[in-house]
Amino acid sequence: MSLLDVRVPAVVLRIDRNPFHHGTLGAVRSLGRAGVDVHLVADSTGSPVGRSRFVRQLHPPPAPGSSAAEIVAVLRRVAAGIARPAVLIPMDDASAVAVGRFREDLAPVYLLPRQPVGLPERVADKAELAEVCAAAGIPHPRTLVPDSAEQAATAVWRLGLPVVAKWSRPWLVPAGSGLRSTVVVRSAREARDLFRRTDEAGSRLLLQEFLPPGPDRDWFFHGYTDRTGVVRAGGPGRKQRSWPRGAGLTAVGVWTPNPQVQGLAERLTGELSFRGIFDLDFRRCGDTGRYHLLDFNPRPGAQFRLFTDSAGLDVVRALHLDLTHRPTAAGAPLAGRSFVVENYAPLSALRPAPRGRELAWNAPDDRGPGLAMWALWGRHVAGRLLGRLRPGRTPVPRAVPVVVRQAGQPADERRPVARGEELTGVSGTTGLPGPSDRCDDEKAGSS
């Protein structure tokens with residue numbers, strides 16, 4: 001008998017069109033296996049998740065570029081068809097921000113965590129997060145927010161090359177623009193060029209101190225904060241492999257106890273009064289040993305199924321149990337359990353896993369998505385390799401550096417900075433890119 005209240009359905013929402021988002025499939029499987037009717041609001045065209053036998057019904061998602069109000073209108077139509085309150089699970093930043101902004105409008109037809117209005121939007125914004133960490137005393141890489149191309153060039157000299165460049169609201173980056181949510185910048189010219197695309201990106205550019213990757217430095221924490229403020233389910237994990245290498249999403253992760261990471265996660269969510277599922281990314285500084293928070297994702301991380309304990313509890317099931325007022329029957333943590341994304345780390349998926357392993361796509365009780373993924377992935381890789389044979393980009397004219405302000409500093413409080421000699425270099429990461437240039441789990445040079 002399921003511990004979950006199977007009379008209450010779930011709606012899994014994903015707006016981003018990335019067909020390879022395995023976290024969406026993880027949420028569908030987690031609740032579907034427990035007997036919950038799962039309604040999927042996502043673009044399933046060509047996506048492996050649409051082949052899962054645990055999808056009760058597919059619903060068309062909001063159109064690309066939809067406003068928060070338009071997203072809410074789609075969710076209301078879905079709710080009208082279900083005709084009873086459902087647990088709503090946003091799976092990307094755009095949907096989490098929209099739900100957080102319009103929580104009161106959705107509350108009559110969906111079960112949602114109660115938390116301060118606009119909090120998901122605040123923590124998901126990379127520039128706002130720098131201010132949140134400063135106020136809470138959480139280590140965070142030094143971050144500068146330029147107001148011009150000249151200030152962007154100056155910022156790289158203040159931070160020291162290379163630097164990490166991020167769009168503060170990556171969910172607004174338009175598909176097909178060629179812009180990436182995060183890149184490593186290796187020259188002042190690259191910083192200027194990026195800033196000139198601010199209007200196209202839809203949000204501010206921020207430049208961040210680069211913390212070099214290395215063994216045992218990349219960590220994440222997934223959890224669910226219940227209505228009393230207690231962190232349930234989830235735990236700390238260590239990234240063993242990423243895609244692209246050293247600078248991307250988790251290809252192989254291991255559940256690894258870490259009291260420091262757990263303490264930071266619990267302290268931050270407690271001070272913010274955050275309620276719901278969250279995914280935090282940390283990088284340990286090789287010089288100081290301190291764990292710096294890189295990203296706060298107010299929704300499930302793609303590898304959340306790594307943290308499935310001995311009782312079968314994960315953050316998505318914890319959410320459903322809490323919102324339906326069922327007891328959260330937590331089991332023992334399964335330290336050493338691993339999570340592998342097969343298309344990014346195929347050899348790791350074949351190696352022995354004595355402490356248990358979760359595969360992102362392949363599952364003996366749900367074979368359709370795994371088969372579909374390999375067919376789709378083969379076509380994707382061939383297309384990207386052909387795309388790399390196209391001519392390069394046209395360079396953008398240079399500008400002269402002048403001033404810069406720190407995150408949270410008023411625009412009129414500017415300090416002149418000495419001009420430095422420009423270096424040249426290549427931005428971004430090497431190797432075949434991932435499935436989506438705007439994937440919200442990609443942390444180039446960060447996590």
# chains A, B, ... in the order shown; residues from 1 in each chain; ligands from 1
call {"tool": "residues_around", "arguments": {"residues": "A:Ala63", "least_positions_apart": "3", "cutoff": "12 Å", "atoms": "only C-alpha atoms", "output": "list in words"}}
result
Arg14, Ile15, Asp16, Arg17, Val41, Ala42, Asp43, Pro60, Ser66, Ser67, Ala68, Glu70, Ile71, Ala73 and Val74 of chain A
call {"tool": "write_last_selection", "arguments": {"atoms": "all heavy atoms", "output": "compact mmCIF listing (two decimals), in the first residue's frame"}}
result
# COMPACT_ATOMS: atom_id res chain seq x y z
N ARG A 14 6.89 21.79 -16.94
CA ARG A 14 8.19 22.21 -17.48
C ARG A 14 7.97 23.05 -18.72
O ARG A 14 7.30 22.64 -19.66
CB ARG A 14 9.08 21.01 -17.81
CG ARG A 14 10.45 21.48 -18.30
CD ARG A 14 11.49 20.39 -18.32
NE ARG A 14 12.76 20.90 -18.83
CZ ARG A 14 13.67 21.53 -18.10
NH1 ARG A 14 13.46 21.72 -16.81
NH2 ARG A 14 14.79 21.96 -18.64
N ILE A 15 8.54 24.26 -18.71
CA ILE A 15 8.36 25.19 -19.82
C ILE A 15 9.52 25.09 -20.80
O ILE A 15 9.33 25.17 -22.01
CB ILE A 15 8.23 26.63 -19.27
CG1 ILE A 15 6.97 26.74 -18.42
CG2 ILE A 15 8.19 27.65 -20.40
CD1 ILE A 15 6.84 28.04 -17.67
N ASP A 16 10.73 24.92 -20.30
CA ASP A 16 11.90 24.83 -21.17
C ASP A 16 11.76 23.67 -22.13
O ASP A 16 11.30 22.58 -21.76
CB ASP A 16 13.17 24.67 -20.32
CG ASP A 16 14.42 24.69 -21.16
OD1 ASP A 16 14.55 25.60 -21.99
OD2 ASP A 16 15.26 23.80 -20.99
N ARG A 17 12.16 23.88 -23.38
CA ARG A 17 11.95 22.88 -24.44
C ARG A 17 13.06 21.83 -24.52
O ARG A 17 13.07 21.02 -25.44
CB ARG A 17 11.84 23.57 -25.78
CG ARG A 17 10.48 23.96 -26.32
CD ARG A 17 9.41 24.22 -25.36
NE ARG A 17 8.14 24.47 -26.06
CZ ARG A 17 7.06 24.93 -25.48
NH1 ARG A 17 7.06 25.19 -24.19
NH2 ARG A 17 5.95 25.12 -26.15
N VAL A 41 2.65 18.65 -18.05
CA VAL A 41 2.49 19.85 -18.86
C VAL A 41 3.88 20.21 -19.38
O VAL A 41 4.67 20.85 -18.69
CB VAL A 41 1.89 21.01 -18.05
CG1 VAL A 41 1.65 22.22 -18.94
CG2 VAL A 41 0.60 20.58 -17.38
N ALA A 42 4.20 19.78 -20.56
CA ALA A 42 5.54 19.97 -21.12
C ALA A 42 5.50 19.66 -22.61
O ALA A 42 4.58 18.99 -23.09
CB ALA A 42 6.56 19.07 -20.43
N ASP A 43 6.51 20.12 -23.31
CA ASP A 43 6.63 19.80 -24.72
C ASP A 43 7.22 18.39 -24.84
O ASP A 43 8.41 18.20 -24.64
CB ASP A 43 7.54 20.82 -25.41
CG ASP A 43 7.66 20.58 -26.90
OD1 ASP A 43 6.92 19.74 -27.43
OD2 ASP A 43 8.52 21.23 -27.54
N PRO A 60 -0.53 20.30 -23.42
CA PRO A 60 0.37 21.23 -24.11
C PRO A 60 0.86 22.31 -23.16
O PRO A 60 0.10 22.83 -22.34
CB PRO A 60 -0.50 21.83 -25.22
CG PRO A 60 -1.91 21.59 -24.79
CD PRO A 60 -1.90 20.33 -23.97
N SER A 66 6.25 32.83 -22.97
CA SER A 66 5.00 33.22 -22.32
C SER A 66 5.28 34.00 -21.04
O SER A 66 6.26 33.73 -20.33
CB SER A 66 4.17 31.99 -21.98
OG SER A 66 3.71 31.34 -23.14
N SER A 67 4.42 34.95 -20.74
CA SER A 67 4.53 35.69 -19.49
C SER A 67 4.06 34.81 -18.33
O SER A 67 3.44 33.76 -18.54
CB SER A 67 3.67 36.95 -19.55
OG SER A 67 2.29 36.61 -19.61
N ALA A 68 4.35 35.26 -17.11
CA ALA A 68 3.90 34.51 -15.93
C ALA A 68 2.39 34.39 -15.92
O ALA A 68 1.84 33.34 -15.56
CB ALA A 68 4.41 35.19 -14.66
N GLU A 70 0.39 34.26 -18.48
CA GLU A 70 -0.02 33.28 -19.49
C GLU A 70 0.25 31.86 -19.01
O GLU A 70 -0.53 30.93 -19.30
CB GLU A 70 0.73 33.55 -20.80
CG GLU A 70 0.28 34.84 -21.48
CD GLU A 70 1.20 35.26 -22.62
OE1 GLU A 70 2.41 34.90 -22.58
OE2 GLU A 70 0.73 35.96 -23.53
N ILE A 71 1.34 31.68 -18.27
CA ILE A 71 1.63 30.36 -17.69
C ILE A 71 0.53 29.96 -16.70
O ILE A 71 0.06 28.82 -16.70
CB ILE A 71 3.00 30.38 -17.00
CG1 ILE A 71 4.10 30.59 -18.04
CG2 ILE A 71 3.25 29.09 -16.22
CD1 ILE A 71 5.46 30.90 -17.44
N ALA A 73 -2.53 30.96 -16.74
CA ALA A 73 -3.75 30.66 -17.50
C ALA A 73 -3.74 29.22 -18.01
O ALA A 73 -4.77 28.53 -17.97
CB ALA A 73 -3.89 31.63 -18.66
N VAL A 74 -2.59 28.75 -18.47
CA VAL A 74 -2.48 27.35 -18.92
C VAL A 74 -2.73 26.41 -17.75
O VAL A 74 -3.44 25.41 -17.87
CB VAL A 74 -1.11 27.11 -19.56
CG1 VAL A 74 -0.88 25.61 -19.78
CG2 VAL A 74 -0.98 27.85 -20.87
call {"tool": "residues_around", "arguments": {"residues": "A:Gln303", "least_positions_apart": "3", "cutoff": "9 Å", "atoms": "only C-alpha atoms", "output": "CSV table (one decimal) with N, CA and C atoms, in the first residue's frame"}}
result
chain,number,residue,atom,x,y,z
A,22,HIS,N,16.3,15.0,-17.8
A,22,HIS,CA,16.0,13.8,-17.2
A,22,HIS,C,15.3,14.0,-15.8
A,23,GLY,N,15.4,15.1,-15.2
A,23,GLY,CA,14.7,15.4,-14.0
A,23,GLY,C,13.2,15.3,-14.1
A,26,GLY,N,12.3,11.8,-13.9
A,26,GLY,CA,12.4,11.4,-12.6
A,26,GLY,C,11.2,11.7,-11.7
A,222,HIS,N,20.2,18.7,-2.3
A,222,HIS,CA,18.8,18.7,-2.7
A,222,HIS,C,18.0,18.5,-1.4
A,250,THR,N,25.6,17.6,-13.9
A,250,THR,CA,26.1,16.4,-13.2
A,250,THR,C,25.8,15.2,-14.1
A,251,ALA,N,26.9,14.6,-14.6
A,251,ALA,CA,26.8,13.3,-15.3
A,251,ALA,C,26.9,12.1,-14.4
A,253,GLY,N,27.0,11.6,-10.1
A,253,GLY,CA,27.0,12.1,-8.7
A,253,GLY,C,26.9,11.0,-7.7
A,300,PRO,N,13.1,21.1,-8.1
A,300,PRO,CA,13.9,19.9,-8.1
A,300,PRO,C,15.1,20.0,-9.0
A,306,LEU,N,18.8,10.7,-7.0
A,306,LEU,CA,20.0,10.2,-6.3
A,306,LEU,C,19.7,10.0,-4.8
A,307,PHE,N,18.9,11.0,-4.3
A,307,PHE,CA,18.7,11.0,-2.8
A,307,PHE,C,17.3,10.3,-2.5
A,339,PHE,N,24.3,8.3,-9.1
A,339,PHE,CA,23.4,8.7,-10.1
A,339,PHE,C,24.2,8.9,-11.4
A,340,VAL,N,23.7,8.3,-12.5
A,340,VAL,CA,24.4,8.4,-13.7
A,340,VAL,C,23.5,8.8,-14.9
A,341,VAL,N,23.9,9.7,-15.7
A,341,VAL,CA,23.2,10.1,-16.9
A,341,VAL,C,23.9,9.4,-18.0
A,360,ALA,N,19.5,7.7,-15.1
A,360,ALA,CA,18.6,8.8,-15.5
A,360,ALA,C,17.5,8.4,-16.4
call {"tool": "atom_distance", "arguments": {"atom1": "atom CA of A:Arg238", "atom2": "atom CA of A:Arg283"}}
result
10.0 Å
call {"tool": "closest_atom_pairs", "arguments": {"of": "stretch 216-332 of chain A", "to": "stretch 101-117 of chain A", "cutoff": "10 Å", "atoms": "only C-alpha atoms", "output": "JSON lines"}}
result
{"residue": "A:Thr225", "atom": "CA", "partner": "A:Pro113", "partner_atom": "CA", "distance": 9.0}
{"residue": "A:Asp226", "atom": "CA", "partner": "A:Pro113", "partner_atom": "CA", "distance": 7.8}
{"residue": "A:Arg227", "atom": "CA", "partner": "A:Pro113", "partner_atom": "CA", "distance": 6.9}
{"residue": "A:Leu272", "atom": "CA", "partner": "A:Pro116", "partner_atom": "CA", "distance": 8.5}
{"residue": "A:Ser273", "atom": "CA", "partner": "A:Gln115", "partner_atom": "CA", "distance": 6.6}
{"residue": "A:Phe274", "atom": "CA", "partner": "A:Gln115", "partner_atom": "CA", "distance": 6.0}
{"residue": "A:Arg275", "atom": "CA", "partner": "A:Gln115", "partner_atom": "CA", "distance": 5.5}
{"residue": "A:Gly276", "atom": "CA", "partner": "A:Pro113", "partner_atom": "CA", "distance": 5.6}
{"residue": "A:Ile277", "atom": "CA", "partner": "A:Pro113", "partner_atom": "CA", "distance": 9.1}
{"residue": "A:Leu319", "atom": "CA", "partner": "A:Pro113", "partner_atom": "CA", "distance": 8.3}
{"residue": "A:His320", "atom": "CA", "partner": "A:Leu111", "partner_atom": "CA", "distance": 8.8}
{"residue": "A:Asp322", "atom": "CA", "partner": "A:Pro113", "partner_atom": "CA", "distance": 8.9}
{"residue": "A:Leu323", "atom": "CA", "partner": "A:Leu111", "partner_atom": "CA", "distance": 6.3}
{"residue": "A:Thr324", "atom": "CA", "partner": "A:Leu111", "partner_atom": "CA", "distance": 8.0}
call {"tool": "closest_residue", "arguments": {"among": "A:Leu206, A:Leu334, A:Ala94, A:Leu385", "to": "A:Pro257", "atoms": "only C-alpha atoms"}}
result
A:Leu334
call {"tool": "residues_around", "arguments": {"residues": "A:Phe20", "least_positions_apart": "6", "cutoff": "12 Å", "atoms": "only C-alpha atoms", "output": "PyMOL selection string"}}
result
chain A and resi 14+26+43-50+249+302+341-344+360-361+369-370+372-377+380+434-436+439-441
call {"tool": "atom_distance", "arguments": {"atom1": "atom CA of A:Phe296", "atom2": "atom CA of A:Lys126"}}
result
8.3 Å
call {"tool": "closest_residue", "arguments": {"among": "A:Ser310, A:Gln240, A:Val183, A:Leu172", "to": "A:Pro64", "atoms": "only C-alpha atoms"}}
result
A:Leu172
call {"tool": "select_by_dssp", "arguments": {"residues": "stretch 28-261 of chain A", "states": "strand (DSSP E)", "output": "tab-separated table (two decimals) with C-alpha atoms, in the first residue's frame"}}
result
chain	number	residue	atom	x	y	z
A	38	VAL	CA	0.70	12.23	-13.05
A	39	HIS	CA	-0.31	14.93	-15.52
A	40	LEU	CA	2.61	16.28	-17.56
A	41	VAL	CA	2.49	19.85	-18.86
A	55	VAL	CA	2.32	9.63	-17.53
A	56	ARG	CA	-1.43	9.69	-16.91
A	57	GLN	CA	-2.11	12.51	-19.40
A	58	LEU	CA	-0.08	14.91	-21.52
A	59	HIS	CA	-1.05	18.59	-21.73
A	86	ALA	CA	-3.51	18.59	-7.51
A	87	VAL	CA	0.05	18.89	-6.22
A	88	LEU	CA	1.93	21.20	-8.60
A	89	ILE	CA	5.64	20.57	-9.28
A	90	PRO	CA	7.52	23.16	-11.35
A	110	TYR	CA	-3.41	23.44	-6.66
A	111	LEU	CA	-1.65	22.33	-3.48
A	143	THR	CA	30.28	39.20	-8.10
A	144	LEU	CA	30.24	42.41	-10.17
A	163	VAL	CA	35.94	35.04	-14.87
A	164	VAL	CA	32.52	33.41	-14.96
A	165	ALA	CA	29.84	35.32	-16.89
A	166	LYS	CA	26.19	34.63	-16.12
A	167	TRP	CA	22.86	36.05	-17.20
A	182	THR	CA	26.92	30.61	-18.09
A	183	VAL	CA	30.31	30.81	-19.79
A	184	VAL	CA	33.94	31.24	-18.80
A	185	VAL	CA	35.30	34.56	-20.11
A	205	LEU	CA	25.00	40.28	-17.14
A	206	LEU	CA	27.03	39.54	-14.04
A	207	LEU	CA	30.70	38.66	-13.81
A	208	GLN	CA	31.89	36.39	-11.05
A	209	GLU	CA	35.16	35.31	-9.52
A	218	ASP	CA	31.91	20.38	-6.66
A	219	TRP	CA	28.98	19.67	-4.37
A	220	PHE	CA	25.20	19.97	-4.40
A	221	PHE	CA	22.41	19.70	-1.89
A	222	HIS	CA	18.84	18.71	-2.65
A	223	GLY	CA	16.10	19.02	-0.07
A	224	TYR	CA	12.48	19.71	0.74
A	225	THR	CA	11.56	22.23	3.44
A	231	VAL	CA	14.42	20.13	5.77
A	232	ARG	CA	13.15	16.68	4.82
A	233	ALA	CA	14.52	14.12	2.37
A	234	GLY	CA	17.45	14.88	0.09
A	235	GLY	CA	21.03	15.34	1.22
A	236	PRO	CA	24.50	16.40	0.09
A	237	GLY	CA	26.11	14.97	-3.01
A	238	ARG	CA	29.47	15.19	-4.72
A	239	LYS	CA	29.83	15.65	-8.44
A	240	GLN	CA	32.24	13.07	-9.86
A	241	ARG	CA	31.79	13.86	-13.54
A	242	SER	CA	30.13	16.69	-15.41
A	243	TRP	CA	29.12	17.51	-18.97
A	249	LEU	CA	25.61	19.50	-15.40
A	250	THR	CA	26.07	16.42	-13.23
A	251	ALA	CA	26.83	13.34	-15.32
A	252	VAL	CA	27.84	11.21	-12.32
A	253	GLY	CA	27.01	12.14	-8.73
A	254	VAL	CA	27.42	10.31	-5.43
A	255	TRP	CA	25.44	10.70	-2.18
